[in-house]
Amino acid sequence: MADKKMVEAITSMEEDFAQWYTDIVKKADLIDYTSVKGCMVFKPAGYAIWELIQRQLDDRFKATGVENVYLPMFIPESLLEKEKDHVEGFAPEVAWVTQGGLQPLQEKMCVRPTSETLFCDFYKNEVHSYRDLPKVYNQWCSVVRWEKETRPFLRSREFLWQEGHTIHATREEAEERTIQMLNVYADFCEQVLAIPVVKGQKTEKEKFAGAEATYTIEALMHDGKALQSGTSHNFGDGFAKAFEIQYTDKDNTLKHPFQTSWGVTTRLIGAIIMVHGDNSGLKLPPLVAPTQVTIIPIRQKDAGVLDKAYEIRDSLKARGIRVKVDDTDKTPGWKFSECEMRGVPIRIEIGPKDIEAGKCVMVRRDNGEKFECALSDINDKVKELIPVIQKDMLEAARERRDSQTYVATTKEEFEKIFSEKTGFVKAMWCGEQACEDEIKEKFAVTSRCMPFDQETLSESCVCCGKPAKKMVYWGRAY
């Protein structure tokens with residue numbers, strides 16, 4: 001009875017997707033709520049996923065020439081207000097500090113919602129000549145945005161992220177870096193998180209405050225809602241002009257440099273849960289699974305069973321596999337469901353009869369496949385399975401996304417799809433914000449991106465019927 005209860009505690013995703021999500025983040029021990037409204041505790045199981053994301057992304061950044069820095073978390077009001085569009089975009093979400101110790105501050109400070117203005121202030125003293133360019137920096141930090149409604153990982157008042165900030169001599173270099181970092185994110189999501197994404201540009205309405213162009217990767221969750229999973233912004237020379245950053249070029253003239261910024265956040269953990277999870281709990285891609293293999297001893301009190309489990313663990317660990325033995329006194333059935341709930345990619349079951357026969361049972365979390373494996377082959381089998389599971393999880397997610405991607409060529413089709421289904425809808429658009437606004441108002445749907453891979457689905461805008469300029473992915477989003 002106890003074994004069954006653990007899984008019953010998860011609401012099924014078909015019944016209530018939002019509750020299913022909340023149940024998983026709690027039951028899989030990823031987070032806890034706090035007395036700080038809208039903020040959460042990352043428990044070890046949740047933070048370990050972020051550490052693996054951070055480590056692997058950081059390596060990818062550094063391979064493109066990025067250096068890590070750290071800037072203050074406070075921004076004086078006068079600094080924030082230097083770039084008009086930027087401050088207007090963030091004003092509703094800013095948290096302010098007005099007192100230091102017992103004294104009121106001469107100038108109030110905001111707790112960083114993002115660091116463009118601080119980096120500009122920093123660059124002003126760093127960049128004087130063309131020889132000082134480019135600067136390709138990144139910082140790992142937390143930011144604060146006073147969100148009205150919060151949800152673990154997806155939206156919280158303080159969240160962890162990285163923010164890259166670069167400054168270049170030419171517009172072309174800045175654009176190249178903006179696209180390069182978006183591609184780094186897209187490859188990372190697909191190769192490491194097994195999440196397929198659509199790459200494209202945000203519309204004027206949806207772009208970042210103060211940017212000339214915003215590029216995005218959009219992923220589709222199990223419930224057919226979109227999740228913006230990473231963005232990269234080209235600022236042109238707007239910030240440089242607002243902050244009076246200039247450099248002397250080779251021809252001895254003063255010029256304004258061009259800037260970019262790009263970021264991903266802990267909402268990627270939410271994406272992993274909502275793209276891969278099922279009604280038994282989490283499904284973690286092996287490359288970001290804190291525990292890649294759990295060994296469950298059966299009749300562990302019998303002589304030699306635990307010893308054999310530890311021996312397998314040590315052998316796998318020596319080969320770089322993240323592995324644990326569940327030697328608690330819970331029943332095997334309970335351990336199986338807990339292992340599933342936590343999303344461990346591979347489970348090894350071993351009991352006295354298995355040891356006698358020189359084999360064990362292996363179970364894949366992604367597809368439930370169960371098979372026997374000789375004890376002498378365990379190391380090779382696990383090493384072989386990890387890339388296979390990664391690939392199969394990506395393919396399963398891609399198939400699911402494609403089955404929830406629709407095409408609409410008329411307003412009636414568009415309306416019908418969104419009244420009956422959720423998912424991505426590909427449809428043509430005239431480029432006018434009025435149509436975008438109307439679609440949002442009527443169907444509660446936003447433009448997710450204008451994909452780099454453009455298709456001509458029809459000649460006319462799905463909203464107004466005028467000549468179309470772009471094919472757009474539309475969807476309801478988190």
# chains A, B, ... in the order shown; residues from 1 in each chain; ligands from 1

$ residues_around --residues "stretch 375-387 of chain A" --least-positions-apart "3" --cutoff "9 Å" --atoms "only C-alpha atoms" --output "ChimeraX atom specification"
/A:285-287,292-293,312,315-316,319,321,345-346,354-355,358-360,364,390-392

$ write_last_selection --atoms "C-alpha atoms" --output "PDB file, in the first residue's frame"
ATOM      1  CA  PRO A 285      18.365  13.610 -19.298  1.00  0.00           C
ATOM      2  CA  PRO A 286      21.540  11.794 -18.141  1.00  0.00           C
ATOM      3  CA  LEU A 287      23.833  14.787 -18.808  1.00  0.00           C
ATOM      4  CA  GLN A 292      22.667   8.948 -13.329  1.00  0.00           C
ATOM      5  CA  VAL A 293      22.362   5.438 -11.840  1.00  0.00           C
ATOM      6  CA  ILE A 312      29.168  -1.999  -8.628  1.00  0.00           C
ATOM      7  CA  SER A 315      33.337   0.520 -10.282  1.00  0.00           C
ATOM      8  CA  LEU A 316      30.874   2.900 -12.043  1.00  0.00           C
ATOM      9  CA  ARG A 319      34.438   5.580 -14.723  1.00  0.00           C
ATOM     10  CA  ILE A 321      29.329   7.930 -13.581  1.00  0.00           C
ATOM     11  CA  PRO A 345      17.905   7.724 -15.845  1.00  0.00           C
ATOM     12  CA  ILE A 346      19.049   4.156 -15.038  1.00  0.00           C
ATOM     13  CA  ASP A 354      20.858 -12.260  -9.474  1.00  0.00           C
ATOM     14  CA  ILE A 355      24.303 -12.414  -7.859  1.00  0.00           C
ATOM     15  CA  GLY A 358      26.004 -13.363 -12.347  1.00  0.00           C
ATOM     16  CA  LYS A 359      23.523 -10.758 -13.594  1.00  0.00           C
ATOM     17  CA  CYS A 360      21.356  -7.800 -12.593  1.00  0.00           C
ATOM     18  CA  ARG A 364      15.513   2.821 -18.218  1.00  0.00           C
ATOM     19  CA  GLN A 390      19.926  11.436 -24.406  1.00  0.00           C
ATOM     20  CA  LYS A 391      19.162  10.893 -28.107  1.00  0.00           C
ATOM     21  CA  ASP A 392      15.898   9.020 -27.496  1.00  0.00           C
TER      22      ASP A 392
END

$ residues_around --residues "A:Gly89" --least-positions-apart "2" --cutoff "12 Å" --atoms "only C-alpha atoms" --output "NGL selection string"
:A and (80-81 or 83-87 or 91-94 or 113-114 or 145 or 205-211)

$ write_last_selection --atoms "C-alpha atoms" --output "PDB file, in the first residue's frame"
ATOM      1  CA  LEU A  80      19.180  53.062 -14.324  1.00  0.00           C
ATOM      2  CA  GLU A  81      17.422  56.083 -15.816  1.00  0.00           C
ATOM      3  CA  GLU A  83      18.507  54.595 -21.044  1.00  0.00           C
ATOM      4  CA  LYS A  84      14.848  55.640 -21.310  1.00  0.00           C
ATOM      5  CA  ASP A  85      13.296  52.553 -22.998  1.00  0.00           C
ATOM      6  CA  HIS A  86      15.236  50.233 -20.724  1.00  0.00           C
ATOM      7  CA  VAL A  87      14.060  51.828 -17.472  1.00  0.00           C
ATOM      8  CA  ALA A  91      10.120  50.000 -13.807  1.00  0.00           C
ATOM      9  CA  PRO A  92       7.094  47.875 -12.742  1.00  0.00           C
ATOM     10  CA  GLU A  93       9.308  45.018 -11.498  1.00  0.00           C
ATOM     11  CA  VAL A  94      12.098  46.906  -9.729  1.00  0.00           C
ATOM     12  CA  PRO A 113      16.741  43.262 -12.405  1.00  0.00           C
ATOM     13  CA  THR A 114      19.468  42.991 -15.110  1.00  0.00           C
ATOM     14  CA  ARG A 145      12.088  41.215 -10.335  1.00  0.00           C
ATOM     15  CA  LYS A 205       6.408  44.429 -29.496  1.00  0.00           C
ATOM     16  CA  GLU A 206       8.042  41.468 -27.740  1.00  0.00           C
ATOM     17  CA  LYS A 207      11.705  42.528 -27.868  1.00  0.00           C
ATOM     18  CA  PHE A 208      13.797  43.419 -24.798  1.00  0.00           C
ATOM     19  CA  ALA A 209      13.542  46.975 -23.469  1.00  0.00           C
ATOM     20  CA  GLY A 210      16.337  49.034 -25.058  1.00  0.00           C
ATOM     21  CA  ALA A 211      17.346  46.432 -27.664  1.00  0.00           C
TER      22      ALA A 211
END

$ residues_around --residues "A:Phe443" --least-positions-apart "5" --cutoff "12 Å" --atoms "only C-alpha atoms" --output "JSON, numbers by chain"
{"A": [411, 412, 414, 415, 416, 417, 418, 419, 420, 421, 422, 435, 436, 437, 438, 463, 474, 475, 476]}

$ residues_around --residues "A:Asn367" --least-positions-apart "2" --cutoff "10 Å" --atoms "only C-alpha atoms" --output "list of chain:residue names"
A:Lys283, A:Pro345, A:Val363, A:Arg364, A:Arg365, A:Glu369, A:Lys370, A:Ile389, A:Asp392, A:Met393, A:Ala396

$ write_last_selection --atoms "C-alpha atoms" --output "compact mmCIF listing (two decimals), in the first residue's frame"
# COMPACT_ATOMS: atom_id res chain seq x y z
CA LYS A 283 12.62 12.26 -16.22
CA PRO A 345 17.90 7.72 -15.84
CA VAL A 363 15.55 -0.31 -16.04
CA ARG A 364 15.51 2.82 -18.22
CA ARG A 365 13.51 5.71 -16.78
CA GLU A 369 12.50 -0.72 -20.78
CA LYS A 370 13.65 -3.50 -18.46
CA ILE A 389 18.92 7.84 -23.61
CA ASP A 392 15.90 9.02 -27.50
CA MET A 393 14.64 11.69 -25.08
CA ALA A 396 10.56 11.78 -28.18

$ residues_around --residues "stretch 10-14 of chain A" --least-positions-apart "4" --cutoff "9 Å" --atoms "only C-alpha atoms" --output "ChimeraX atom specification"
/A:6,18-24,27,222-223,278-281

$ closest_residue --among "A:Pro76, A:Gly100, A:Pro44, A:Gly65" --to "A:Thr291" --atoms "only C-alpha atoms"
A:Pro44

$ select_by_dssp --residues "stretch 37-178 of chain A" --states "strand (DSSP E)" --output "ChimeraX atom specification"
/A:40-42,67-68,74-76,95-100,103-111,135-144,158-168

$ write_last_selection --atoms "N, CA and C atoms" --output "compact mmCIF listing (two decimals), in the first residue's frame"
# COMPACT_ATOMS: atom_id res chain seq x y z
N MET A 40 12.12 31.01 -3.34
CA MET A 40 12.14 29.59 -2.97
C MET A 40 13.53 29.14 -2.54
N VAL A 41 13.54 28.02 -1.83
CA VAL A 41 14.81 27.36 -1.46
C VAL A 41 15.10 26.32 -2.55
N PHE A 42 16.31 26.38 -3.09
CA PHE A 42 16.76 25.28 -3.97
C PHE A 42 17.28 24.20 -3.04
N GLU A 67 34.82 35.63 -20.90
CA GLU A 67 35.47 35.67 -19.58
C GLU A 67 34.43 36.03 -18.53
N ASN A 68 34.54 35.41 -17.34
CA ASN A 68 33.58 35.71 -16.27
C ASN A 68 34.03 36.88 -15.41
N PHE A 74 23.64 46.31 -6.72
CA PHE A 74 22.86 47.54 -6.56
C PHE A 74 23.13 48.49 -7.71
N ILE A 75 22.07 49.13 -8.19
CA ILE A 75 22.20 50.10 -9.28
C ILE A 75 21.60 51.43 -8.82
N PRO A 76 22.40 52.52 -8.78
CA PRO A 76 21.83 53.82 -8.40
C PRO A 76 20.74 54.23 -9.40
N ALA A 95 12.80 46.35 -7.46
CA ALA A 95 12.80 46.44 -5.99
C ALA A 95 13.81 47.52 -5.59
N TRP A 96 13.40 48.42 -4.70
CA TRP A 96 14.26 49.56 -4.33
C TRP A 96 14.78 49.46 -2.91
N VAL A 97 16.02 49.90 -2.71
CA VAL A 97 16.61 50.04 -1.37
C VAL A 97 16.67 51.53 -1.06
N THR A 98 16.05 51.94 0.03
CA THR A 98 15.97 53.38 0.34
C THR A 98 16.72 53.74 1.63
N GLN A 99 17.15 52.72 2.37
CA GLN A 99 17.82 52.99 3.64
C GLN A 99 19.02 52.07 3.80
N GLY A 100 20.14 52.61 4.31
CA GLY A 100 21.32 51.80 4.59
C GLY A 100 21.60 51.90 6.08
N GLN A 103 20.32 55.04 8.32
CA GLN A 103 20.24 56.31 7.58
C GLN A 103 19.51 56.15 6.25
N PRO A 104 18.65 57.12 5.90
CA PRO A 104 18.09 57.09 4.55
C PRO A 104 19.21 57.34 3.53
N LEU A 105 19.14 56.66 2.37
CA LEU A 105 20.17 56.84 1.35
C LEU A 105 19.97 58.17 0.63
N GLN A 106 21.07 58.81 0.25
CA GLN A 106 20.98 60.06 -0.51
C GLN A 106 20.33 59.80 -1.87
N GLU A 107 20.67 58.64 -2.44
CA GLU A 107 20.05 58.25 -3.71
C GLU A 107 19.59 56.81 -3.58
N LYS A 108 18.32 56.55 -3.93
CA LYS A 108 17.86 55.16 -3.76
C LYS A 108 18.52 54.26 -4.82
N MET A 109 18.63 53.00 -4.44
CA MET A 109 19.28 52.02 -5.31
C MET A 109 18.29 50.92 -5.65
N CYS A 110 18.39 50.40 -6.88
CA CYS A 110 17.54 49.24 -7.18
C CYS A 110 18.40 47.99 -7.07
N VAL A 111 17.75 46.88 -6.68
CA VAL A 111 18.42 45.58 -6.67
C VAL A 111 18.34 45.09 -8.12
N LYS A 135 35.18 43.35 -25.72
CA LYS A 135 35.14 42.78 -24.36
C LYS A 135 33.99 41.79 -24.36
N VAL A 136 34.30 40.56 -23.99
CA VAL A 136 33.27 39.51 -24.04
C VAL A 136 33.13 38.91 -22.64
N TYR A 137 32.19 39.47 -21.88
CA TYR A 137 32.06 39.13 -20.46
C TYR A 137 30.75 38.41 -20.15
N ASN A 138 30.77 37.71 -19.03
CA ASN A 138 29.56 37.04 -18.52
C ASN A 138 29.62 37.06 -17.00
N GLN A 139 28.44 37.14 -16.37
CA GLN A 139 28.43 36.94 -14.92
C GLN A 139 27.32 35.97 -14.52
N TRP A 140 27.64 35.10 -13.56
CA TRP A 140 26.67 34.20 -12.94
C TRP A 140 26.21 34.89 -11.67
N CYS A 141 24.92 35.12 -11.54
CA CYS A 141 24.45 35.87 -10.37
C CYS A 141 22.95 35.62 -10.18
N SER A 142 22.37 36.34 -9.23
CA SER A 142 20.90 36.33 -9.10
C SER A 142 20.39 37.72 -9.43
N VAL A 143 19.15 37.79 -9.86
CA VAL A 143 18.50 39.08 -10.11
C VAL A 143 17.14 39.08 -9.41
N VAL A 144 16.61 40.28 -9.21
CA VAL A 144 15.33 40.43 -8.51
C VAL A 144 14.34 41.16 -9.40
N GLU A 158 13.28 36.36 -6.92
CA GLU A 158 14.74 36.30 -7.10
C GLU A 158 15.01 35.01 -7.87
N PHE A 159 15.81 35.12 -8.93
CA PHE A 159 16.17 33.89 -9.64
C PHE A 159 17.65 33.92 -10.04
N LEU A 160 18.17 32.73 -10.29
CA LEU A 160 19.58 32.59 -10.68
C LEU A 160 19.66 32.58 -12.19
N TRP A 161 20.72 33.16 -12.71
CA TRP A 161 20.91 33.16 -14.16
C TRP A 161 22.36 33.47 -14.48
N GLN A 162 22.64 33.53 -15.78
CA GLN A 162 23.88 34.13 -16.24
C GLN A 162 23.47 35.24 -17.18
N GLU A 163 24.24 36.32 -17.17
CA GLU A 163 24.00 37.39 -18.14
C GLU A 163 25.32 37.73 -18.80
N GLY A 164 25.35 37.51 -20.12
CA GLY A 164 26.52 37.85 -20.90
C GLY A 164 26.40 39.29 -21.38
N HIS A 165 27.51 40.01 -21.37
CA HIS A 165 27.51 41.40 -21.85
C HIS A 165 28.77 41.61 -22.68
N THR A 166 28.59 42.02 -23.93
CA THR A 166 29.76 42.19 -24.80
C THR A 166 29.71 43.56 -25.47
N ILE A 167 30.88 44.04 -25.85
CA ILE A 167 30.98 45.35 -26.49
C ILE A 167 31.97 45.24 -27.66
N HIS A 168 31.60 45.80 -28.81
CA HIS A 168 32.33 45.57 -30.06
C HIS A 168 32.55 46.87 -30.84

$ select_by_dssp --residues "stretch 4-71 of chain A" --states "alpha helix (DSSP H)" --output "ChimeraX atom specification"
/A:4-8,17-27,44-63

$ write_last_selection --atoms "C-alpha atoms" --output "PDB file, in the first residue's frame"
ATOM      1  CA  LYS A   4       1.345   2.924  -4.311  1.00  0.00           C
ATOM      2  CA  LYS A   5       0.802   6.024  -2.174  1.00  0.00           C
ATOM      3  CA  MET A   6       4.001   7.759  -3.277  1.00  0.00           C
ATOM      4  CA  VAL A   7       2.852   7.972  -6.908  1.00  0.00           C
ATOM      5  CA  GLU A   8      -0.767   8.675  -6.019  1.00  0.00           C
ATOM      6  CA  PHE A  17      -1.072  20.239 -15.380  1.00  0.00           C
ATOM      7  CA  ALA A  18      -0.232  23.127 -13.031  1.00  0.00           C
ATOM      8  CA  GLN A  19      -0.852  20.942  -9.953  1.00  0.00           C
ATOM      9  CA  TRP A  20       1.105  18.060 -11.523  1.00  0.00           C
ATOM     10  CA  TYR A  21       4.062  20.441 -11.940  1.00  0.00           C
ATOM     11  CA  THR A  22       3.848  21.715  -8.343  1.00  0.00           C
ATOM     12  CA  ASP A  23       3.555  18.147  -7.013  1.00  0.00           C
ATOM     13  CA  ILE A  24       6.702  17.096  -8.871  1.00  0.00           C
ATOM     14  CA  VAL A  25       8.905  19.991  -7.719  1.00  0.00           C
ATOM     15  CA  LYS A  26       7.858  19.249  -4.127  1.00  0.00           C
ATOM     16  CA  LYS A  27       7.839  15.427  -4.168  1.00  0.00           C
ATOM     17  CA  PRO A  44      20.222  19.818  -2.997  1.00  0.00           C
ATOM     18  CA  ALA A  45      18.419  17.819  -5.711  1.00  0.00           C
ATOM     19  CA  GLY A  46      17.306  21.033  -7.454  1.00  0.00           C
ATOM     20  CA  TYR A  47      20.528  22.961  -7.039  1.00  0.00           C
ATOM     21  CA  ALA A  48      22.589  20.010  -8.306  1.00  0.00           C
ATOM     22  CA  ILE A  49      20.735  20.202 -11.651  1.00  0.00           C
ATOM     23  CA  TRP A  50      21.562  23.938 -11.850  1.00  0.00           C
ATOM     24  CA  GLU A  51      25.234  23.201 -11.072  1.00  0.00           C
ATOM     25  CA  LEU A  52      25.395  20.733 -13.976  1.00  0.00           C
ATOM     26  CA  ILE A  53      23.701  23.234 -16.303  1.00  0.00           C
ATOM     27  CA  GLN A  54      26.052  25.988 -15.118  1.00  0.00           C
ATOM     28  CA  ARG A  55      29.220  23.910 -15.496  1.00  0.00           C
ATOM     29  CA  GLN A  56      28.432  22.716 -19.011  1.00  0.00           C
ATOM     30  CA  LEU A  57      27.195  26.101 -20.255  1.00  0.00           C
ATOM     31  CA  ASP A  58      30.201  27.856 -18.758  1.00  0.00           C
ATOM     32  CA  ASP A  59      32.533  25.534 -20.701  1.00  0.00           C
ATOM     33  CA  ARG A  60      30.654  26.322 -23.903  1.00  0.00           C
ATOM     34  CA  PHE A  61      30.846  30.071 -23.243  1.00  0.00           C
ATOM     35  CA  LYS A  62      34.577  29.948 -22.560  1.00  0.00           C
ATOM     36  CA  ALA A  63      35.131  28.019 -25.789  1.00  0.00           C
TER      37      ALA A  63
END

$ closest_atom_pairs --of "stretch 229-340 of chain A" --to "stretch 122-129 of chain A" --cutoff "8 Å" --atoms "only C-alpha atoms" --output "tab-separated table"
residue	atom	partner	partner_atom	distance
A:Phe243	CA	A:Lys124	CA	7.5
A:Glu244	CA	A:Lys124	CA	7.4
A:Ile245	CA	A:Lys124	CA	5.1
A:Gln246	CA	A:His128	CA	6.6
A:Tyr247	CA	A:His128	CA	4.5
A:Thr248	CA	A:Ser129	CA	4.6
A:Asp249	CA	A:Ser129	CA	6.2

$ closest_atom_pairs --of "stretch 291-410 of chain A" --to "stretch 258-274 of chain A" --cutoff "12 Å" --atoms "only C-alpha atoms" --output "JSON lines"
{"residue": "A:Met341", "atom": "CA", "partner": "A:Ile273", "partner_atom": "CA", "distance": 11.1}
{"residue": "A:Arg342", "atom": "CA", "partner": "A:Ile273", "partner_atom": "CA", "distance": 10.5}
{"residue": "A:Gly343", "atom": "CA", "partner": "A:Ile273", "partner_atom": "CA", "distance": 9.4}
{"residue": "A:Met393", "atom": "CA", "partner": "A:Ile272", "partner_atom": "CA", "distance": 10.9}
{"residue": "A:Leu394", "atom": "CA", "partner": "A:Ile272", "partner_atom": "CA", "distance": 11.1}
{"residue": "A:Ala397", "atom": "CA", "partner": "A:Met274", "partner_atom": "CA", "distance": 10.5}

$ closest_residue --among "A:Gly320, A:Gly224, A:Gly230, A:Gly368" --to "A:Leu182" --atoms "only C-alpha atoms"
A:Gly230

$ atom_distance --atom1 "atom CA of A:Gln228" --atom2 "atom CA of A:Met471"
18.0 Å

$ closest_atom_pairs --of "stretch 124-201 of chain A" --to "stretch 398-406 of chain A" --cutoff "9 Å" --atoms "only C-alpha atoms" --output "tab-separated table"
residue	atom	partner	partner_atom	distance
A:Ala194	CA	A:Arg398	CA	8.9
A:Ile195	CA	A:Arg398	CA	7.6
A:Pro196	CA	A:Arg398	CA	5.7
A:Val197	CA	A:Arg398	CA	8.7

$ closest_residue --among "A:Pro290, A:Glu395, A:Ile179, A:Val425" --to "A:Gln191" --atoms "only C-alpha atoms"
A:Glu395

$ atom_distance --atom1 "atom CA of A:Lys37" --atom2 "atom CA of A:Glu15"
27.4 Å

$ closest_residue --among "A:Ser447, A:Thr410, A:Ala468, A:Pro352" --to "A:Trp429" --atoms "only C-alpha atoms"
A:Ala468
